[in-house]
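Below is one structure, written out as structure tokens; the observations come after it.
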Amino acid sequence: MSIMAVNKVDLKPKDYKSEVPVVWCPGCGHYGILNAIYRALSEAGVDPSQLICISGIGCSSRSPYFINSYKMHTLHGRAGAVATGAQLVRRDLAIMVLGGDGDGFSIGGGHMPHLARKNVDITYVLFDNGIYGLTKGQYSPTSRPEMKAYTTPYGGPEEPMNPLLYMLTYGATYVAQAFAGKPGICAELIRGGLEHRGFSYINIYSQCPSFNKVDTIDHYRDLMESVPRDHDVTDLGAAITLARQSSEGKAPMGLLYKVERPTLDQRMQVMIDQVGGHPDYDLNQIVDLNRP
Amino acid sequence: MGKKDLVIRVAGEGGEGVISTGDFIAAACARAGQEVYTIKTFPAEIKGGYAMYQVRTSLDPLFNQGDTFDILCAFNGEAYQINRHLLLPGTAFVYDYPEGGFEPEIPPGVHAYPVPMSKTAKELKSYRSKNMVALGALSGLFNINEETLLNVIHDKFQSKGSENLNFNLEAFKKGQALVKDVAKTDPWRIADPVPPKDVLIISGNDAVGLGAILGGLRFYSAYPITPATEIAKFVAVHLPKVAGVLIQAEDEIASISQVLGASYAGKRSMTATSGPGLALMSEMLGMASMSETPALVVDVQRGGPATGMPTKHEQSDLFLAIHGSHGDAPRIVMAVEDVNDCIHMTVEALNLAEHYQCPVILLSDGSLAFSTQTVPAPKPDRIKIIDRKRWDGTGEYQRYGMTEDGISPMVDPGTPGGMHVATGLEHGPTGAPNYSPPNHAAMHRKRFGKLNTVVDFVAPTQIDGDGDADVGIIAWGSTIGVVREAVIRLRQEGVKVKGFYPKLMWPMPVAQYEAFARTCGKILVPEVNFQGQLAHFIRAETNITPISLTICGGIPFTPIQIMNKVKEML
């Protein structure tokens, strides 16, 4: 979300903490991501009363409770669609969606293409731990086949998806990735997303020590490779090539893609301007069009 | 002849101008001061297939499409074949002959008027003028007011250039000339013009759209579905004029989700769909109940279940509308009777959603979706808009704070000091999750309890007739219009009958139902579904034991069907 319209305030990261105690397991990567969100909001100077955090269901979808802002804790998979409605009628607010891999890409997978291609002006932070944690450890769309879990006692029968490749081809205008062990980089990328006008997608790997025994923090440390300094973030082909690294045993960390394209709300405004739209429009004119 | 109304049915192949012919007749009659009630059937095919447009006109109010037609105008052999069993003694039959490609058998007592429509169109070197030739002939034969008809034609074709206009006028005049010397044997004649009333002529779907705009709508999201899509079309044209936003969502789950997001953000929001879409929305409707978020869903019912009969009429979503969600999920359900209701009850439904902070489902149906009717022109400055109760900024804000009427003030995001969570989890007064047994029970009492006043918030159920009756008819949706006429005609025959026409379907005005039933010997509940869905709720919620009359052939009741059943019950 572009936060340009939002009041600038000077608050510390801790000022974005709500009074609700955080309830994740010890060692969960989500703590690092949450701290990165506090930092990003502080650095971007977002007024908490002009921020809506929206989530679906899952461990990470609990995040809004821990953030000092307006918030909606909605249904499994629907956060992005709910956020679209809020954004289109309140273009003056900052809107973040916080959720996990199952929420975003399994049950909510039907909404993802449309958030991206329509360039809905929201910031989507996806906490990717490759597992359904809240239901105690089932394989998710990003789980690796070698992961033995609750419903995959012999290992997973499916190939994991690559969220970055999907988001790039769906048409997201800001695509970045990091992992929870690097909260500084996470904060920088989330802030970038907040300041980007358009649909921002930030994929953050997060270890789940309780249920995902293969994707440990050490695994992510070996996996992640910084985006090369000379990478052109406006080059979709180069971004896709980088995103494909993860299927070759490496995953890029940093900003992969960032372009400007009219957002959905901007295009809606063009239509409103075209017809001279105004809240006080004379409704008699519309009534009269239906006379015999 | 004792019959003040006249029903003209035009039938032919889709693309032959059947629909525009009907539209011309309807508009001309409305301009000549007549009431109009039309129904149409479109072919399921994109092009071709059987199309029908029926216009009922009268100087008196019309409540339904009538029993059958007085005049049939058939553009082709299929139109004749489909309607031949309705060519009863006394009806007039206008058809394309010779060179129409079919040779109908004229049943005894039918007044036949062969008109060379195709042949004349061919002479005019345009097949597309066939319907204008037919229109001219109909005008000449049945006194469809020439002046208003010419005005309508003028208005329609003016924008397409004078050549186009003159060509259509020529075809119309040719059609008139063809019947000039025909000996008229039937009694059918449209009344001479009277001063026109202050009316609109509008379809049920467009009327829902108009009601939404008049009702202060600011956000609309929907997914295409028959027979509701025209609502989106209307809203798409006009919502930007009031600086509102319409979005076509990726599915119905997304559209109701977007509606909740926009509503939470402080704007009046709605979606419209049909049964399959409403089914997909059920989980999010529970979210609206739980999070106390205003949301309006219009369901233009169609034949179900599954894909069912998408283009056919049915009133079979009452169960889904009232109980379609998991858990105990309170909502308000209303049903429109006619096109006028489509305007004013959409306004009312938006008001109810805002006031009670809950989902409201407004049921329309396939027979109203495309039915155009004359309705009193609404006056925008007399439309009453009720907004949600908002926090006044004093004290500590509690989104779900307990109040006397169960309605907790909302606050628009962006307001300092009002930050809170709207949640689908069970919660305490602040919105913080709370699964304690007393809290869950208390919150259910709040969410259901706030709806206790709905029955008094809306107008009392209309009762048709005074005193005692042998039979009382309880009808809902567009069936009401059929029952109204059946009641009038039964009374003319000396039958003691009364009508009860609920528009608020849920919560049920139980006391009103029971008071009505006390004045009637037997209760009849006619509805267009298989199970007798309203009859079921009446048995479950009231002390009434109704007799259920159901039909489910994809078409509405006719007054005669209701009258026959009542007589059987005497």
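Naming works like this for the structure tokens: A, B, ... for the chains as they're shown, residue 1 at the start of each chain, ligands 1 onward in shown order.
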**OP:** Can you pull out every residue within 7 Å of Ile560 (chain B), counting only C-alpha atoms, but drop anything in the same chain fewer than 2 positions away, and send it as an MDAnalysis selection string?
**Re:** chainID B and resid 67 486 558 562:564
Subject >> All residues 10 Å or closer to His427 (chain B), only C-alpha atoms, same chain fewer than 6 positions away omitted, as number ranges by chain >> reply: B: 290-291, 400, 421, 433-436, 439-440, 443
Subject >> Close residues, Leu165 (chain A) itself excluded, 12 Å, only C-alpha atoms, min 3 positions apart in chain, as a ChimeraX atom specification >> reply: /A:113,160-162,168-172,175-177,201,203,236-247,251-252,256-257
Just-selected residues, N, CA and C atoms written as a short mmCIF file (atom, residue, chain, number, x, y, z; two decimals), in the first residue's frame:
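This is the output file result.cif:
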data_model
loop_
_atom_site.label_atom_id
_atom_site.label_comp_id
_atom_site.auth_asym_id
_atom_site.auth_seq_id
_atom_site.Cartn_x
_atom_site.Cartn_y
_atom_site.Cartn_z
N PRO A 113 -4.53 -14.70 -7.77
CA PRO A 113 -4.27 -14.14 -9.10
C PRO A 113 -4.92 -12.76 -9.27
N PRO A 160 5.87 -29.13 -4.06
CA PRO A 160 5.49 -27.82 -3.53
C PRO A 160 5.37 -26.80 -4.65
N MET A 161 4.59 -25.79 -4.42
CA MET A 161 4.50 -24.69 -5.39
C MET A 161 5.54 -23.64 -5.04
N ASN A 162 5.79 -22.79 -6.01
CA ASN A 162 6.74 -21.71 -5.82
C ASN A 162 5.97 -20.39 -5.80
N LEU A 168 4.70 -13.44 -9.60
CA LEU A 168 5.29 -12.70 -10.72
C LEU A 168 4.44 -12.87 -11.98
N THR A 169 4.00 -14.11 -12.23
CA THR A 169 3.23 -14.31 -13.46
C THR A 169 1.79 -13.84 -13.32
N TYR A 170 1.28 -13.81 -12.12
CA TYR A 170 -0.07 -13.27 -11.91
C TYR A 170 -0.10 -11.75 -12.13
N GLY A 171 1.05 -11.12 -12.03
CA GLY A 171 1.08 -9.68 -12.32
C GLY A 171 1.27 -8.79 -11.11
N ALA A 172 1.79 -9.34 -9.99
CA ALA A 172 2.09 -8.49 -8.84
C ALA A 172 3.11 -7.43 -9.25
N VAL A 175 7.37 -7.71 -5.68
CA VAL A 175 7.56 -9.07 -5.20
C VAL A 175 8.92 -9.17 -4.51
N ALA A 176 8.88 -9.62 -3.25
CA ALA A 176 10.12 -9.72 -2.49
C ALA A 176 10.08 -10.98 -1.64
N GLN A 177 11.25 -11.38 -1.15
CA GLN A 177 11.31 -12.57 -0.30
C GLN A 177 12.44 -12.44 0.72
N TYR A 201 3.74 -8.06 -2.67
CA TYR A 201 3.76 -9.42 -2.10
C TYR A 201 5.13 -9.69 -1.49
N ASN A 203 7.09 -12.59 0.49
CA ASN A 203 7.08 -13.97 0.97
C ASN A 203 8.18 -14.12 2.02
N LEU A 236 11.10 -8.40 -15.59
CA LEU A 236 10.28 -9.52 -15.17
C LEU A 236 10.99 -10.85 -15.45
N GLY A 237 11.63 -10.94 -16.62
CA GLY A 237 12.34 -12.18 -16.99
C GLY A 237 13.42 -12.50 -15.98
N ALA A 238 14.17 -11.48 -15.59
CA ALA A 238 15.27 -11.69 -14.63
C ALA A 238 14.70 -12.09 -13.28
N ALA A 239 13.56 -11.49 -12.90
CA ALA A 239 12.92 -11.81 -11.62
C ALA A 239 12.44 -13.26 -11.63
N ILE A 240 11.89 -13.69 -12.75
CA ILE A 240 11.41 -15.08 -12.85
C ILE A 240 12.59 -16.05 -12.77
N THR A 241 13.67 -15.70 -13.43
CA THR A 241 14.88 -16.55 -13.36
C THR A 241 15.35 -16.68 -11.92
N LEU A 242 15.37 -15.57 -11.19
CA LEU A 242 15.76 -15.61 -9.78
C LEU A 242 14.79 -16.47 -8.96
N ALA A 243 13.50 -16.29 -9.21
CA ALA A 243 12.49 -17.03 -8.45
C ALA A 243 12.63 -18.53 -8.67
N ARG A 244 13.09 -18.91 -9.86
CA ARG A 244 13.21 -20.34 -10.17
C ARG A 244 14.36 -21.00 -9.44
N GLN A 245 15.24 -20.18 -8.85
CA GLN A 245 16.37 -20.75 -8.10
C GLN A 245 15.89 -21.72 -7.04
N SER A 246 14.74 -21.43 -6.42
CA SER A 246 14.34 -22.26 -5.29
C SER A 246 14.12 -23.71 -5.68
N SER A 247 13.78 -23.95 -6.94
CA SER A 247 13.65 -25.34 -7.34
C SER A 247 15.03 -25.96 -7.60
N ALA A 251 17.17 -20.13 -2.78
CA ALA A 251 16.03 -19.21 -2.85
C ALA A 251 16.53 -17.78 -2.72
N PRO A 252 16.01 -16.89 -3.56
CA PRO A 252 16.51 -15.52 -3.54
C PRO A 252 15.97 -14.75 -2.34
N LEU A 256 12.76 -8.69 -5.72
CA LEU A 256 12.92 -9.28 -7.05
C LEU A 256 12.31 -8.41 -8.15
N TYR A 257 11.21 -7.74 -7.81
CA TYR A 257 10.45 -7.08 -8.88
C TYR A 257 9.70 -5.90 -8.33
#
Could you give me, as CSV, every chain A residue with an atom at most 9 Å from chain B, plus its closest atom pair and distance in Å to one decimal, counting only C-alpha atoms, rows ordered by chain then number?
residue,atom,partner,partner_atom,distance
A:Val20,CA,B:Ala432,CA,8.2
A:Asp47,CA,B:Gly414,CA,8.9
A:Pro48,CA,B:Met419,CA,8.1
A:Ser49,CA,B:Gly414,CA,5.0
A:Gln50,CA,B:Gly414,CA,4.4
A:Leu51,CA,B:Gly414,CA,7.3
A:Ile52,CA,B:Pro413,CA,7.2
A:Pro64,CA,B:Val421,CA,8.1
A:Tyr65,CA,B:Val421,CA,7.3
A:Asn68,CA,B:Met419,CA,7.5
A:Ser69,CA,B:Met419,CA,5.6
A:Tyr70,CA,B:Met419,CA,4.7
A:Lys71,CA,B:Val421,CA,4.7
A:Met72,CA,B:Ala422,CA,4.7
A:His73,CA,B:Thr423,CA,4.6
A:Thr74,CA,B:Gly424,CA,5.6
A:Leu75,CA,B:Gly424,CA,6.9
A:Arg78,CA,B:Ser257,CA,6.6
A:Ala79,CA,B:Ser257,CA,8.0
A:Gly80,CA,B:Gln258,CA,8.7
A:Ala81,CA,B:Gln258,CA,5.3
A:Val82,CA,B:Gly261,CA,4.4
A:Ala83,CA,B:Gly261,CA,5.8
A:Thr84,CA,B:Gln258,CA,5.9
A:Gly85,CA,B:Gln258,CA,4.0
A:Ala86,CA,B:Ala262,CA,4.2
A:Gln87,CA,B:Ala262,CA,7.4
A:Leu88,CA,B:Val245,CA,7.1
A:Val89,CA,B:Ala262,CA,6.0
A:Arg90,CA,B:Ala265,CA,6.7
A:Asp92,CA,B:Gly414,CA,8.6
A:Leu93,CA,B:Gly414,CA,7.0
A:Gly110,CA,B:Glu250,CA,7.7
A:His111,CA,B:Glu250,CA,7.0
A:His114,CA,B:Glu250,CA,7.1
A:Asp265,CA,B:Val245,CA,8.7
A:Met268,CA,B:Val245,CA,6.7
A:Gln269,CA,B:Ala243,CA,8.1
A:Met271,CA,B:Pro240,CA,6.6
A:Ile272,CA,B:Pro240,CA,4.7
A:Asp273,CA,B:Pro240,CA,8.2
A:Gln274,CA,B:Pro240,CA,8.7
A:Val275,CA,B:Lys241,CA,5.9
A:Gly276,CA,B:Lys241,CA,6.4
A:Gly277,CA,B:Lys241,CA,3.8
A:His278,CA,B:Val242,CA,4.7
A:Pro279,CA,B:Val242,CA,4.4
A:Asp280,CA,B:Val242,CA,6.7
A:Tyr281,CA,B:Val242,CA,5.6
A:Asp282,CA,B:Pro380,CA,8.7
A:Leu283,CA,B:Pro380,CA,6.2
A:Asn284,CA,B:Pro380,CA,6.4
A:Ile286,CA,B:His238,CA,7.3
A:Val287,CA,B:Pro378,CA,7.3
A:Asp288,CA,B:Leu200,CA,7.8
A:Leu289,CA,B:Leu200,CA,8.6
A:Asn290,CA,B:Leu200,CA,5.3
A:Arg291,CA,B:Leu200,CA,4.3
A:Pro292,CA,B:Ala27,CA,4.9
Would you please extract all strand (DSSP E or B) residues from region 34-198 of chain A, as assigned by DSSP on the backbone, and give them as a PDB file with N, CA and C atoms, in the first residue's frame?
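Wrote states-v8.pdb, looks like this:
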ATOM      1  N   VAL A  46       3.698   5.054   9.852  1.00  0.00           N
ATOM      2  CA  VAL A  46       2.259   4.866   9.622  1.00  0.00           C
ATOM      3  C   VAL A  46       1.460   5.187  10.897  1.00  0.00           C
ATOM      4  N   LEU A  51      -4.405   2.495   9.612  1.00  0.00           N
ATOM      5  CA  LEU A  51      -3.936   1.207   9.107  1.00  0.00           C
ATOM      6  C   LEU A  51      -4.995   0.151   9.410  1.00  0.00           C
ATOM      7  N   ILE A  52      -5.306  -0.674   8.404  1.00  0.00           N
ATOM      8  CA  ILE A  52      -6.161  -1.843   8.666  1.00  0.00           C
ATOM      9  C   ILE A  52      -5.334  -3.081   8.381  1.00  0.00           C
ATOM     10  N   CYS A  53      -5.208  -3.956   9.383  1.00  0.00           N
ATOM     11  CA  CYS A  53      -4.545  -5.244   9.183  1.00  0.00           C
ATOM     12  C   CYS A  53      -5.635  -6.302   9.068  1.00  0.00           C
ATOM     13  N   ILE A  54      -5.565  -7.093   8.001  1.00  0.00           N
ATOM     14  CA  ILE A  54      -6.629  -8.063   7.728  1.00  0.00           C
ATOM     15  C   ILE A  54      -6.010  -9.446   7.580  1.00  0.00           C
ATOM     16  N   SER A  55      -6.644 -10.430   8.193  1.00  0.00           N
ATOM     17  CA  SER A  55      -6.094 -11.776   8.095  1.00  0.00           C
ATOM     18  C   SER A  55      -7.209 -12.794   7.914  1.00  0.00           C
ATOM     19  N   ILE A  67      -1.116  -6.282  16.750  1.00  0.00           N
ATOM     20  CA  ILE A  67      -0.709  -5.006  16.157  1.00  0.00           C
ATOM     21  C   ILE A  67      -1.712  -3.930  16.540  1.00  0.00           C
ATOM     22  N   TYR A  70      -6.464  -0.723  13.238  1.00  0.00           N
ATOM     23  CA  TYR A  70      -7.763  -1.331  12.925  1.00  0.00           C
ATOM     24  C   TYR A  70      -7.475  -2.703  12.330  1.00  0.00           C
ATOM     25  N   LYS A  71      -8.367  -3.656  12.566  1.00  0.00           N
ATOM     26  CA  LYS A  71      -8.060  -4.991  12.070  1.00  0.00           C
ATOM     27  C   LYS A  71      -9.307  -5.850  11.902  1.00  0.00           C
ATOM     28  N   MET A  72      -9.184  -6.781  10.973  1.00  0.00           N
ATOM     29  CA  MET A  72     -10.248  -7.765  10.759  1.00  0.00           C
ATOM     30  C   MET A  72      -9.629  -9.151  10.766  1.00  0.00           C
ATOM     31  N   HIS A  73     -10.196 -10.011  11.590  1.00  0.00           N
ATOM     32  CA  HIS A  73      -9.774 -11.404  11.614  1.00  0.00           C
ATOM     33  C   HIS A  73     -10.902 -12.173  10.944  1.00  0.00           C
ATOM     34  N   ALA A  94      -3.934   2.781   4.855  1.00  0.00           N
ATOM     35  CA  ALA A  94      -2.956   1.738   4.533  1.00  0.00           C
ATOM     36  C   ALA A  94      -3.567   0.391   4.901  1.00  0.00           C
ATOM     37  N   ILE A  95      -3.402  -0.608   4.015  1.00  0.00           N
ATOM     38  CA  ILE A  95      -4.015  -1.906   4.276  1.00  0.00           C
ATOM     39  C   ILE A  95      -2.988  -3.023   4.099  1.00  0.00           C
ATOM     40  N   MET A  96      -2.883  -3.835   5.137  1.00  0.00           N
ATOM     41  CA  MET A  96      -1.964  -4.979   5.111  1.00  0.00           C
ATOM     42  C   MET A  96      -2.764  -6.267   5.268  1.00  0.00           C
ATOM     43  N   VAL A  97      -2.352  -7.291   4.521  1.00  0.00           N
ATOM     44  CA  VAL A  97      -2.898  -8.628   4.730  1.00  0.00           C
ATOM     45  C   VAL A  97      -1.775  -9.490   5.301  1.00  0.00           C
ATOM     46  N   LEU A  98      -2.073 -10.204   6.371  1.00  0.00           N
ATOM     47  CA  LEU A  98      -1.079 -11.054   7.023  1.00  0.00           C
ATOM     48  C   LEU A  98      -1.624 -12.464   7.080  1.00  0.00           C
ATOM     49  N   GLY A  99      -0.868 -13.433   6.554  1.00  0.00           N
ATOM     50  CA  GLY A  99      -1.392 -14.793   6.577  1.00  0.00           C
ATOM     51  C   GLY A  99      -0.349 -15.793   6.156  1.00  0.00           C
ATOM     52  N   GLY A 100      -0.765 -17.054   6.139  1.00  0.00           N
ATOM     53  CA  GLY A 100       0.184 -18.118   5.875  1.00  0.00           C
ATOM     54  C   GLY A 100       0.049 -18.755   4.509  1.00  0.00           C
ATOM     55  N   THR A 123      -0.638  -4.419   0.899  1.00  0.00           N
ATOM     56  CA  THR A 123       0.643  -5.089   1.155  1.00  0.00           C
ATOM     57  C   THR A 123       0.357  -6.457   1.768  1.00  0.00           C
ATOM     58  N   TYR A 124       0.762  -7.514   1.078  1.00  0.00           N
ATOM     59  CA  TYR A 124       0.464  -8.876   1.525  1.00  0.00           C
ATOM     60  C   TYR A 124       1.755  -9.494   2.050  1.00  0.00           C
ATOM     61  N   VAL A 125       1.798  -9.752   3.354  1.00  0.00           N
ATOM     62  CA  VAL A 125       2.959 -10.428   3.943  1.00  0.00           C
ATOM     63  C   VAL A 125       2.568 -11.876   4.191  1.00  0.00           C
ATOM     64  N   LEU A 126       3.205 -12.793   3.470  1.00  0.00           N
ATOM     65  CA  LEU A 126       2.867 -14.203   3.614  1.00  0.00           C
ATOM     66  C   LEU A 126       3.937 -14.912   4.448  1.00  0.00           C
ATOM     67  N   PHE A 127       3.511 -15.427   5.577  1.00  0.00           N
ATOM     68  CA  PHE A 127       4.398 -16.151   6.493  1.00  0.00           C
ATOM     69  C   PHE A 127       4.438 -17.600   6.005  1.00  0.00           C
ATOM     70  N   ASP A 128       5.514 -17.974   5.328  1.00  0.00           N
ATOM     71  CA  ASP A 128       5.554 -19.285   4.667  1.00  0.00           C
ATOM     72  C   ASP A 128       6.353 -20.277   5.512  1.00  0.00           C
ATOM     73  N   ILE A 131       3.652 -25.498   6.410  1.00  0.00           N
ATOM     74  CA  ILE A 131       2.917 -26.413   7.287  1.00  0.00           C
ATOM     75  C   ILE A 131       1.635 -25.750   7.775  1.00  0.00           C
ATOM     76  N   TYR A 132       0.635 -26.565   8.082  1.00  0.00           N
ATOM     77  CA  TYR A 132      -0.530 -26.063   8.810  1.00  0.00           C
ATOM     78  C   TYR A 132      -0.229 -26.255  10.289  1.00  0.00           C
ATOM     79  N   GLN A 138      -0.196 -30.430   9.269  1.00  0.00           N
ATOM     80  CA  GLN A 138      -0.473 -31.133   8.013  1.00  0.00           C
ATOM     81  C   GLN A 138       0.343 -30.474   6.897  1.00  0.00           C
ATOM     82  N   TYR A 139       0.598 -31.239   5.830  1.00  0.00           N
ATOM     83  CA  TYR A 139       1.389 -30.654   4.746  1.00  0.00           C
ATOM     84  C   TYR A 139       0.587 -29.570   4.020  1.00  0.00           C
ATOM     85  N   ALA A 149       4.595 -35.665   8.011  1.00  0.00           N
ATOM     86  CA  ALA A 149       3.747 -34.857   8.894  1.00  0.00           C
ATOM     87  C   ALA A 149       2.498 -35.650   9.254  1.00  0.00           C
ATOM     88  N   THR A 152       0.924 -37.098   6.386  1.00  0.00           N
ATOM     89  CA  THR A 152       1.872 -37.639   5.415  1.00  0.00           C
ATOM     90  C   THR A 152       2.913 -38.471   6.159  1.00  0.00           C
ATOM     91  N   TYR A 174       5.015  -5.700  -7.000  1.00  0.00           N
ATOM     92  CA  TYR A 174       6.113  -5.653  -6.032  1.00  0.00           C
ATOM     93  C   TYR A 174       6.238  -7.047  -5.448  1.00  0.00           C
ATOM     94  N   VAL A 175       7.373  -7.709  -5.683  1.00  0.00           N
ATOM     95  CA  VAL A 175       7.563  -9.073  -5.203  1.00  0.00           C
ATOM     96  C   VAL A 175       8.915  -9.171  -4.506  1.00  0.00           C
ATOM     97  N   ALA A 176       8.876  -9.621  -3.255  1.00  0.00           N
ATOM     98  CA  ALA A 176      10.115  -9.723  -2.486  1.00  0.00           C
ATOM     99  C   ALA A 176      10.083 -10.977  -1.641  1.00  0.00           C
ATOM    100  N   GLN A 177      11.249 -11.376  -1.146  1.00  0.00           N
ATOM    101  CA  GLN A 177      11.314 -12.570  -0.303  1.00  0.00           C
ATOM    102  C   GLN A 177      12.436 -12.438   0.722  1.00  0.00           C
ATOM    103  N   ALA A 178      12.223 -13.003   1.895  1.00  0.00           N
ATOM    104  CA  ALA A 178      13.257 -13.057   2.930  1.00  0.00           C
ATOM    105  C   ALA A 178      12.938 -14.217   3.851  1.00  0.00           C
ATOM    106  N   PHE A 179      13.664 -14.331   4.948  1.00  0.00           N
ATOM    107  CA  PHE A 179      13.279 -15.345   5.946  1.00  0.00           C
ATOM    108  C   PHE A 179      13.343 -14.742   7.332  1.00  0.00           C
TER     109      PHE A 179
END
Original post:
DSSP says helix (DSSP H, G or I) for which residues of region 80-159 of chain A? Put them as JSON, numbers by chain?
Top reply: {"A": [80, 81, 82, 83, 84, 85, 86, 87, 88, 89, 101, 102, 103, 104, 105, 106, 107, 112, 113, 114, 115, 116, 117]}
Put those residues in a file: C-alpha atoms, as a short mmCIF file (atom, residue, chain, number, x, y, z; two decimals), in the first residue's frame.
data_model
loop_
_atom_site.label_atom_id
_atom_site.label_comp_id
_atom_site.auth_asym_id
_atom_site.auth_seq_id
_atom_site.Cartn_x
_atom_site.Cartn_y
_atom_site.Cartn_z
CA GLY A 80 -7.21 -10.72 0.38
CA ALA A 81 -10.77 -10.44 -0.92
CA VAL A 82 -11.95 -8.66 2.23
CA ALA A 83 -9.00 -6.28 1.95
CA THR A 84 -9.93 -5.50 -1.67
CA GLY A 85 -13.35 -4.22 -0.59
CA ALA A 86 -11.89 -2.11 2.20
CA GLN A 87 -9.19 -0.63 -0.02
CA LEU A 88 -11.55 0.33 -2.83
CA VAL A 89 -13.75 2.43 -0.56
CA ASP A 101 0.89 -20.47 2.99
CA GLY A 102 -2.18 -22.65 3.45
CA ASP A 103 -4.45 -19.65 3.90
CA GLY A 104 -3.04 -17.82 0.88
CA PHE A 105 -2.28 -20.57 -1.59
CA SER A 106 -4.54 -23.49 -0.72
CA ILE A 107 -8.00 -22.39 0.45
CA MET A 112 -4.37 -14.57 -5.29
CA PRO A 113 -4.27 -14.14 -9.10
CA HIS A 114 -6.88 -11.41 -8.92
CA LEU A 115 -5.22 -9.39 -6.18
CA ALA A 116 -2.08 -9.38 -8.30
CA ARG A 117 -3.45 -8.80 -11.78
#
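Summary of the local environment: counting only C-alpha atoms, residues at most 8 Å from Arg56 (chain B), other than itself and those fewer than 2 positions away along its chain, are Asp5, Leu6, Val7, Ile8, Val36, Tyr37, Thr38, Gln54, Ser58, Gln65 and Gly66 of chain B.
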